[in-house]
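Have a look at the structure below, then the notes.
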Amino acid sequence: MDELWHASYRAMVLLFSGNPGLWEIIGISFAVSLKAIVIATPAAFAAAFVLAYTRFRGRGLVMSVMNTALSLPAVVVGLTLYLLLSRSGPLGDLRLLFTQTAMTVGQVILAFPLVFVMSHSAIQAGQRSAWETALTLGASPPRAVLTVLYEVRFGLIAAVIAGFGRIVAEVGSSMMVGGNIAHFTRNIPTAIALETSKGEFAQGIALGFVLLVLAFGLNIVLTVMQRRGGIAS
Amino acid sequence: MNAALRLTDIHKHFGERRILDDVAIALESGQCHVLSGRNGAGKTTLMKILAGLERPDSTQVKLDGVARPWRQLRHTLRRDVVYLHQYAYMFDASVEDNVGYGLRAARLPAGERRARVAEALERVDLTHLAGANARTLSGGERQRVALARAWVLRPRVMLLDEPTANMDRESREQTWFLLRRLRGDQLCVVVATHDTQAIATLPDVHLHLEEGKLRRQPAGAHDPAPSPVSAAHPAATAHDPRREGRM
């Protein structure tokens with residue numbers, strides 16, 4: 001128990017003394033995950049809108065695939081990407097393995113289904129009359145799409161937050177395609193895994209604390225958004 | 001009388017069910033048309049087709065006797081026709097912003113937009129609620145915002161789908177009163193309603209939809225017994241001197 005308290009104390013010292021190594025890891029984590037969510041979000045919103053507002057053959061299949069992808073293990077995404085990006089793989093010539101770009105690609109694949117499914121639910125829950133009202137009042141289809149998305153914005157923000165929460169804490173994909181290289185691809189989850197395996201608990205606890213604070217903050221924002229969304233709709 | 005909109009060859013099926021069967025409709029400028037029919041007769045479907053919101057089965061509906069591809073026709077209809085839902089959808093914004101939505105979409109200068117919104121709000125007696133969130137309004141007030149939001153665009157045709165459904169008598173009468181007030185010389189209004197009082201007093205033209213066919217009835221008639229003449233045929237309009245100069 002003493003060891004835990006001691007490690008926690010050292011973790012707080014590391015965190016609040018502005019330890020450069022620690023904050024570099026946090027910076028890499030946020031840079032990769034923010035890039036991934038920025039890429040995944042517009043594509044997920046567009047796909048969710050098309051699925052919510054159009055009927056076409058295979059629509060049900062797309063929904064089933066996306067719902068299945070919600071429980072896609074990060075390590076499976078990492079393994080698949082590893083095989084694709086490794087030297088002998090079909091995309092080996094791109095030389096992306098063990099780069100932040102590869103980590104971003106993995107996180108985009110992980111975030112997309114969650115943002116898609118949640119935003120699809122939000123758009124479906126919105127009223128179709130919003131779309132028709134915008135069109136009949138002379139809005140162009142792109143403007144009408146933006147109007148509908150704005151009307152369900154709280155649900156969409158919740159989807160983005162949930163997506164970000166998933167990828168910032170994932171370890172499987174980042175470890176496999178990032179390689180956990182210090183100063184380059186080492187992010188919070190891979191650093192925690194490494195430090196724990198070395199018996200260096202202080203840095204692991206400090207980074208874990210950052211993730212906990214982040215998760216807590218995101219949940220508060222999510223709750224506020226969902227409440228506001230409930231009132232607005 | 002000028003034709004505001006003349007469409008023929010309208011067909012619509014939902015599965016095996018035939019909703020609209022070779023419907024022809026001629027709407028006259030400055031006239032109030034009441035569209036009656038049983039629940040599920042296809043009134044909403046017809047109105048949405050007229051507003052360019054619902055695609056008919058036939059690939060080429062005729063506008064003014066000329067066959068046009070739906071994509072082209074839809075553009076024309078959305079420009080000239082405004083459809084008001086049974087339960088008016090309010091954007092999550094102020095009353096003022098709701099009324100100005102279409103004007104912003106049309107990229108009108110801010111000054112002109114403000115003036116037209118103010119005029120429209122005055123017409124429906126909602127100036128005092130201009131800054132309120134439209135979603136906090138009562139059903140009757142929402143319907144008035146929807147009327148102002150449509151009227152402000154100066155459309156050729158305004159389609160109202162059961163605008164007084166679930167309203168109390170006072171709100172209903174206020175809606176009919178405002179409708180009369182909003183009608184200009186050229187605005188063509190089509191109201192789908194079951195309200196017998198409205199059917200008796202409102203229309204210049206009474207259209208009845210039954211079993212996929214649209215028929216013209218003597219204005220003010222309660223009896224839905226259809227006349228066998230096509231609604232698009234101008235000669236089918238019974239001349240009723242009582243209607244002249246009304247509204």
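Just remember, in the structure tokens the first chain shown is A, the second B, etc., residues are 1-based per chain, and ligands are 1-based in the order shown.
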(request) Can you check which residues of chain B have any atom within 8 Å of chain A? Use only C-alpha atoms and format it as number ranges by chain. (result) B: 51-53, 78-79, 81-85, 89-92, 101-102, 105-106, 135, 149-150, 153
(request) Please identify which residues in stretch 39-230 of chain B DSSP calls helix (DSSP H, G or I) from the backbone, and express them as an MDAnalysis selection string. (result) chainID B and resid 43:50 70:80 95:99 101:105 110:123 127:129 134:136 139:151 169:182 196:201
Given the selection you just returned, output its residues as a file containing C-alpha atoms, formatted as a CSV table (one decimal), in the first residue's frame.
chain,number,residue,atom,x,y,z
B,43,LYS,CA,-53.6,14.6,-49.6
B,44,THR,CA,-50.2,14.9,-48.0
B,45,THR,CA,-48.6,12.9,-50.8
B,46,LEU,CA,-50.1,15.1,-53.4
B,47,MET,CA,-49.1,18.2,-51.6
B,48,LYS,CA,-45.5,17.0,-51.2
B,49,ILE,CA,-45.4,16.2,-54.9
B,50,LEU,CA,-46.7,19.7,-55.7
B,70,TRP,CA,-38.6,15.2,-62.3
B,71,ARG,CA,-35.2,16.7,-61.5
B,72,GLN,CA,-36.0,19.8,-63.5
B,73,LEU,CA,-39.6,20.0,-62.3
B,74,ARG,CA,-38.5,19.6,-58.7
B,75,HIS,CA,-36.3,22.7,-59.0
B,76,THR,CA,-39.2,24.8,-60.4
B,77,LEU,CA,-41.7,23.5,-57.8
B,78,ARG,CA,-39.3,24.2,-54.8
B,79,ARG,CA,-38.8,27.7,-56.2
B,80,ASP,CA,-42.5,28.6,-56.5
B,95,VAL,CA,-38.9,33.4,-34.2
B,96,GLU,CA,-37.2,36.1,-36.2
B,97,ASP,CA,-34.5,33.7,-37.5
B,98,ASN,CA,-37.1,31.1,-38.3
B,99,VAL,CA,-39.1,33.6,-40.4
B,101,TYR,CA,-34.5,31.3,-42.9
B,102,GLY,CA,-35.7,31.2,-46.5
B,103,LEU,CA,-34.5,34.8,-47.1
B,104,ARG,CA,-31.1,33.9,-45.8
B,105,ALA,CA,-31.0,30.9,-48.1
B,110,ALA,CA,-29.5,41.8,-44.3
B,111,GLY,CA,-31.4,45.1,-44.4
B,112,GLU,CA,-34.0,43.9,-46.8
B,113,ARG,CA,-34.3,40.7,-44.9
B,114,ARG,CA,-34.9,42.4,-41.6
B,115,ALA,CA,-37.6,44.6,-43.2
B,116,ARG,CA,-39.4,41.7,-44.8
B,117,VAL,CA,-39.2,39.6,-41.6
B,118,ALA,CA,-40.6,42.5,-39.5
B,119,GLU,CA,-43.4,43.0,-42.0
B,120,ALA,CA,-44.3,39.3,-41.9
B,121,LEU,CA,-44.2,39.2,-38.1
B,122,GLU,CA,-46.5,42.2,-38.0
B,123,ARG,CA,-48.9,40.4,-40.4
B,127,THR,CA,-43.7,41.1,-33.4
B,128,HIS,CA,-43.6,40.9,-29.6
B,129,LEU,CA,-42.2,37.3,-29.8
B,134,ALA,CA,-39.6,29.3,-31.7
B,135,ARG,CA,-39.7,26.0,-29.9
B,136,THR,CA,-41.1,27.5,-26.7
B,139,GLY,CA,-49.1,25.1,-31.3
B,140,GLY,CA,-51.1,28.1,-32.6
B,141,GLU,CA,-48.2,30.5,-32.4
B,142,ARG,CA,-45.9,27.9,-34.2
B,143,GLN,CA,-48.5,27.7,-37.0
B,144,ARG,CA,-48.4,31.5,-37.3
B,145,VAL,CA,-44.6,31.5,-37.4
B,146,ALA,CA,-44.8,28.9,-40.2
B,147,LEU,CA,-47.3,31.0,-42.1
B,148,ALA,CA,-45.1,34.1,-41.8
B,149,ARG,CA,-42.0,32.0,-42.8
B,150,ALA,CA,-43.8,30.9,-45.9
B,151,TRP,CA,-45.5,34.2,-46.8
B,169,ARG,CA,-61.5,26.7,-31.7
B,170,GLU,CA,-60.0,30.1,-31.0
B,171,SER,CA,-56.6,29.1,-32.6
B,172,ARG,CA,-58.4,27.6,-35.5
B,173,GLU,CA,-60.4,30.7,-36.2
B,174,GLN,CA,-57.3,32.8,-35.8
B,175,THR,CA,-55.4,30.6,-38.3
B,176,TRP,CA,-58.2,31.0,-40.9
B,177,PHE,CA,-58.4,34.7,-40.3
B,178,LEU,CA,-54.6,35.0,-40.8
B,179,LEU,CA,-54.8,33.0,-43.9
B,180,ARG,CA,-57.3,35.4,-45.4
B,181,ARG,CA,-55.2,38.3,-44.3
B,182,LEU,CA,-52.0,36.8,-45.9
B,196,THR,CA,-66.1,21.4,-42.2
B,197,GLN,CA,-66.4,25.0,-41.2
B,198,ALA,CA,-63.4,25.8,-43.3
B,199,ILE,CA,-64.7,23.7,-46.2
B,200,ALA,CA,-67.9,25.6,-46.1
B,201,THR,CA,-66.5,29.1,-45.8
(message) Residues within 12 Å of B:Leu35, please, as number ranges by chain. Count only C-alpha atoms; anything in the same chain fewer than 4 positions from it doesn't count.
(response) B: 25, 27, 39, 41-44, 46-47, 159-162, 189-196, 198-199, 202-210, 214-217, 219-222, 224, 231
(message) According to DSSP computed on the backbone, where in chain B is there strand (DSSP E)? Give the residues as a count of residues only.
(response) 62
(request) Grab the atom CA of A:Glu170 to atom CA of A:Ile39 distance for me, in Å with one decimal place. (result) 17.2 Å
(message) Residues within 10 Å of A:Leu72, please, as a list in words. Count only C-alpha atoms; anything in the same chain fewer than 4 positions from it doesn't count.
(response)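 Contacts, in chain order: Met66, Asn67, Thr68, Val76, Val77, Ile109, Leu110 and Pro113 of chain A.
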(request) For atom CA of B:Thr164 and atom CA of B:Tyr87, quote the distance in Å rounded to one decimal. (result)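 Value for the atom CA of B:Thr164-atom CA of B:Tyr87 distance: 9.1 Å.
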